Amino acid sequence: MVSKLLFVKNGNKSKKEMNILFFKTYMRRGDHLFRVKQYAKHLEEIGCKVDYVLPFPETWSRYKKLLKLTPQKIIRELLALRRSEVIFFTPNVAMLFYIFMAKLLRKRVIIEHINSFVSLSEVIKWYPNLFDFLSYWLADKIIAYSESLKKDLITMHNLNSNKIEVIYPNVDLNKFKPIYNEDVGN
């Protein structure tokens, strides 16, 4: 399903030469979310080169985050955007800036909306709704985890339904296993 989103328009490059960048996607306990790892694994299996720009560590204070946002760091991040054909984003306060830069560089942008909220302004009161609207409007595709979220995104951000694909959450079978009991229902 993810590969279907990537290869709609790819110019002269083959799938094997395509560079995919996961840009500051969410992490938990220092590791990428299972969903992101599954996307990356699938893309590598079909021959794509996958790279990451890591987000700020969760434990840093807001003040330290701002100190770490140096011109050199921004330049490194922009160079990573330049090297990639497709960039995956998850919602964050700097998303509009980096999506705008990616679009200036003529990159394909996919937003993986894995949050339970529809707009960052729901959890960050000072964040303007306009920034979310523009981010989603500039994106080539948006991945939602349910039909309900898709409808909410369409309503709140006035999006075309063709822009949003629903990919239901996957399950890590190493952590969760079905329990079968023949006595159930008897």
# chains A, B, ... in the order shown; residues from 1 in each chain; ligands from 1
call {"tool": "select_by_dssp", "arguments": {"residues": "chain A", "states": "helix (DSSP H, G or I)", "output": "PyMOL selection string"}}
result
chain A and resi 2-6+15-17+34-45+62-68+71-83+95-104+120-122+129-138+147-157+161-163
call {"tool": "closest_residue", "arguments": {"among": "A:Pro55, A:Gly30, A:Pro91, A:Pro178", "to": "Glu77 of chain A", "atoms": "only C-alpha atoms"}}
result
A:Pro55
call {"tool": "atom_distance", "arguments": {"atom1": "atom CA of Ser161 of chain A", "atom2": "atom CA of Met18 of chain A"}}
result
26.6 Å
call {"tool": "select_by_dssp", "arguments": {"residues": "chain A", "states": "strand (DSSP E or B)", "output": "PyMOL selection string"}}
result
chain A and resi 19-23+27-28+31-32+49-53+86-89+108-113+141-144+164-166
call {"tool": "closest_residue", "arguments": {"among": "A:Leu104, A:Arg83, A:Val93, A:Leu78", "to": "Asn129 of chain A", "atoms": "only C-alpha atoms"}}
result
A:Val93
call {"tool": "closest_residue", "arguments": {"among": "A:Tyr168, A:Phe131, A:Tyr98, A:Tyr52", "to": "Met27 of chain A", "atoms": "only C-alpha atoms"}}
result
A:Tyr52
call {"tool": "closest_residue", "arguments": {"among": "A:Val86, A:Ile179, A:Ile74, A:Val118", "to": "Leu149 of chain A", "atoms": "only C-alpha atoms"}}
result
A:Val118
call {"tool": "closest_atom_pairs", "arguments": {"of": "segment 14-128 of chain A", "to": "segment 136-148 of chain A", "cutoff": "7 Å", "atoms": "only C-alpha atoms", "output": "JSON lines"}}
result
{"residue": "A:Arg108", "atom": "CA", "partner": "A:Asp140", "partner_atom": "CA", "distance": 6.1}
{"residue": "A:Val109", "atom": "CA", "partner": "A:Ala139", "partner_atom": "CA", "distance": 5.0}
{"residue": "A:Ile110", "atom": "CA", "partner": "A:Lys141", "partner_atom": "CA", "distance": 4.8}
{"residue": "A:Ile111", "atom": "CA", "partner": "A:Ile142", "partner_atom": "CA", "distance": 4.7}
{"residue": "A:Glu112", "atom": "CA", "partner": "A:Ile143", "partner_atom": "CA", "distance": 4.8}
{"residue": "A:His113", "atom": "CA", "partner": "A:Ala144", "partner_atom": "CA", "distance": 5.4}
{"residue": "A:Ile114", "atom": "CA", "partner": "A:Tyr145", "partner_atom": "CA", "distance": 6.3}
call {"tool": "write_last_selection", "arguments": {"atoms": "all heavy atoms", "output": "PDB file, in the first residue's frame"}}
result
ATOM      1  N   ARG A 108       8.376  14.907  -3.514  1.00  0.00           N
ATOM      2  CA  ARG A 108       7.058  14.352  -3.212  1.00  0.00           C
ATOM      3  C   ARG A 108       6.931  14.262  -1.692  1.00  0.00           C
ATOM      4  O   ARG A 108       7.820  13.734  -1.020  1.00  0.00           O
ATOM      5  CB  ARG A 108       6.945  12.970  -3.848  1.00  0.00           C
ATOM      6  CG  ARG A 108       5.589  12.393  -3.815  1.00  0.00           C
ATOM      7  CD  ARG A 108       5.506  11.280  -4.858  1.00  0.00           C
ATOM      8  NE  ARG A 108       4.330  10.497  -4.653  1.00  0.00           N
ATOM      9  CZ  ARG A 108       3.098  10.906  -4.943  1.00  0.00           C
ATOM     10  NH1 ARG A 108       2.912  12.087  -5.479  1.00  0.00           N
ATOM     11  NH2 ARG A 108       2.062  10.131  -4.719  1.00  0.00           N
ATOM     12  N   VAL A 109       5.834  14.786  -1.144  1.00  0.00           N
ATOM     13  CA  VAL A 109       5.628  14.864   0.292  1.00  0.00           C
ATOM     14  C   VAL A 109       4.436  14.011   0.708  1.00  0.00           C
ATOM     15  O   VAL A 109       3.355  14.135   0.133  1.00  0.00           O
ATOM     16  CB  VAL A 109       5.397  16.333   0.732  1.00  0.00           C
ATOM     17  CG1 VAL A 109       4.945  16.409   2.172  1.00  0.00           C
ATOM     18  CG2 VAL A 109       6.660  17.160   0.512  1.00  0.00           C
ATOM     19  N   ILE A 110       4.667  13.151   1.693  1.00  0.00           N
ATOM     20  CA  ILE A 110       3.599  12.340   2.264  1.00  0.00           C
ATOM     21  C   ILE A 110       3.552  12.623   3.760  1.00  0.00           C
ATOM     22  O   ILE A 110       4.572  12.534   4.444  1.00  0.00           O
ATOM     23  CB  ILE A 110       3.833  10.838   2.012  1.00  0.00           C
ATOM     24  CG1 ILE A 110       3.848  10.560   0.509  1.00  0.00           C
ATOM     25  CG2 ILE A 110       2.780   9.994   2.732  1.00  0.00           C
ATOM     26  CD1 ILE A 110       4.224   9.144   0.137  1.00  0.00           C
ATOM     27  N   ILE A 111       2.365  12.984   4.253  1.00  0.00           N
ATOM     28  CA  ILE A 111       2.189  13.197   5.682  1.00  0.00           C
ATOM     29  C   ILE A 111       1.542  11.949   6.254  1.00  0.00           C
ATOM     30  O   ILE A 111       0.491  11.519   5.794  1.00  0.00           O
ATOM     31  CB  ILE A 111       1.308  14.424   5.990  1.00  0.00           C
ATOM     32  CG1 ILE A 111       1.972  15.701   5.463  1.00  0.00           C
ATOM     33  CG2 ILE A 111       1.042  14.535   7.498  1.00  0.00           C
ATOM     34  CD1 ILE A 111       1.111  16.941   5.609  1.00  0.00           C
ATOM     35  N   GLU A 112       2.191  11.365   7.234  1.00  0.00           N
ATOM     36  CA  GLU A 112       1.665  10.184   7.921  1.00  0.00           C
ATOM     37  C   GLU A 112       1.002  10.684   9.193  1.00  0.00           C
ATOM     38  O   GLU A 112       1.661  10.976  10.176  1.00  0.00           O
ATOM     39  CB  GLU A 112       2.819   9.233   8.232  1.00  0.00           C
ATOM     40  CG  GLU A 112       2.467   7.790   8.075  1.00  0.00           C
ATOM     41  CD  GLU A 112       1.788   7.208   9.298  1.00  0.00           C
ATOM     42  OE1 GLU A 112       2.137   7.575  10.411  1.00  0.00           O
ATOM     43  OE2 GLU A 112       0.902   6.371   9.119  1.00  0.00           O
ATOM     44  N   HIS A 113      -0.330  10.850   9.149  1.00  0.00           N
ATOM     45  CA  HIS A 113      -1.054  11.433  10.278  1.00  0.00           C
ATOM     46  C   HIS A 113      -1.473  10.316  11.227  1.00  0.00           C
ATOM     47  O   HIS A 113      -2.522   9.709  11.066  1.00  0.00           O
ATOM     48  CB  HIS A 113      -2.279  12.204   9.791  1.00  0.00           C
ATOM     49  CG  HIS A 113      -2.872  13.052  10.862  1.00  0.00           C
ATOM     50  ND1 HIS A 113      -2.582  14.378  10.979  1.00  0.00           N
ATOM     51  CD2 HIS A 113      -3.685  12.756  11.883  1.00  0.00           C
ATOM     52  CE1 HIS A 113      -3.212  14.874  12.016  1.00  0.00           C
ATOM     53  NE2 HIS A 113      -3.900  13.899  12.592  1.00  0.00           N
ATOM     54  N   ILE A 114      -0.644  10.049  12.233  1.00  0.00           N
ATOM     55  CA  ILE A 114      -0.917   8.946  13.156  1.00  0.00           C
ATOM     56  C   ILE A 114      -1.472   9.440  14.482  1.00  0.00           C
ATOM     57  O   ILE A 114      -1.660   8.665  15.396  1.00  0.00           O
ATOM     58  CB  ILE A 114       0.351   8.099  13.411  1.00  0.00           C
ATOM     59  CG1 ILE A 114       1.451   8.956  14.025  1.00  0.00           C
ATOM     60  CG2 ILE A 114       0.818   7.447  12.149  1.00  0.00           C
ATOM     61  CD1 ILE A 114       2.648   8.154  14.470  1.00  0.00           C
TER      62      ILE A 114
END
call {"tool": "residues_around", "arguments": {"residues": "segment 35-41 of chain A", "least_positions_apart": "5", "cutoff": "8 Å", "atoms": "only C-alpha atoms", "output": "PDB file with N, CA, C and O atoms, in the first residue's frame"}}
result
ATOM      1  N   VAL A   2       1.913   1.304   0.814  1.00  0.00           N
ATOM      2  CA  VAL A   2       2.778   2.481   0.865  1.00  0.00           C
ATOM      3  C   VAL A   2       3.473   2.660  -0.475  1.00  0.00           C
ATOM      4  O   VAL A   2       3.575   3.780  -0.975  1.00  0.00           O
ATOM      5  N   THR A  25      10.118  11.690  12.084  1.00  0.00           N
ATOM      6  CA  THR A  25       8.930  10.914  12.421  1.00  0.00           C
ATOM      7  C   THR A  25       8.967  10.554  13.896  1.00  0.00           C
ATOM      8  O   THR A  25      10.022  10.551  14.527  1.00  0.00           O
ATOM      9  N   VAL A  50      16.413   3.955   2.177  1.00  0.00           N
ATOM     10  CA  VAL A  50      15.682   4.645   3.238  1.00  0.00           C
ATOM     11  C   VAL A  50      16.665   5.354   4.158  1.00  0.00           C
ATOM     12  O   VAL A  50      17.694   4.797   4.535  1.00  0.00           O
ATOM     13  N   PRO A 169      -3.743   0.621  11.118  1.00  0.00           N
ATOM     14  CA  PRO A 169      -2.545   0.284  11.897  1.00  0.00           C
ATOM     15  C   PRO A 169      -2.210  -1.208  11.824  1.00  0.00           C
ATOM     16  O   PRO A 169      -3.104  -2.051  11.810  1.00  0.00           O
ATOM     17  N   ASN A 170      -0.926  -1.489  11.763  1.00  0.00           N
ATOM     18  CA  ASN A 170      -0.471  -2.865  11.783  1.00  0.00           C
ATOM     19  C   ASN A 170      -0.132  -3.258  13.221  1.00  0.00           C
ATOM     20  O   ASN A 170      -0.094  -2.424  14.108  1.00  0.00           O
TER      21      ASN A 170
END
call {"tool": "closest_residue", "arguments": {"among": "A:Arg29, A:Lys150, A:Lys175, A:Lys73", "to": "Val53 of chain A", "atoms": "only C-alpha atoms"}}
result
A:Lys73
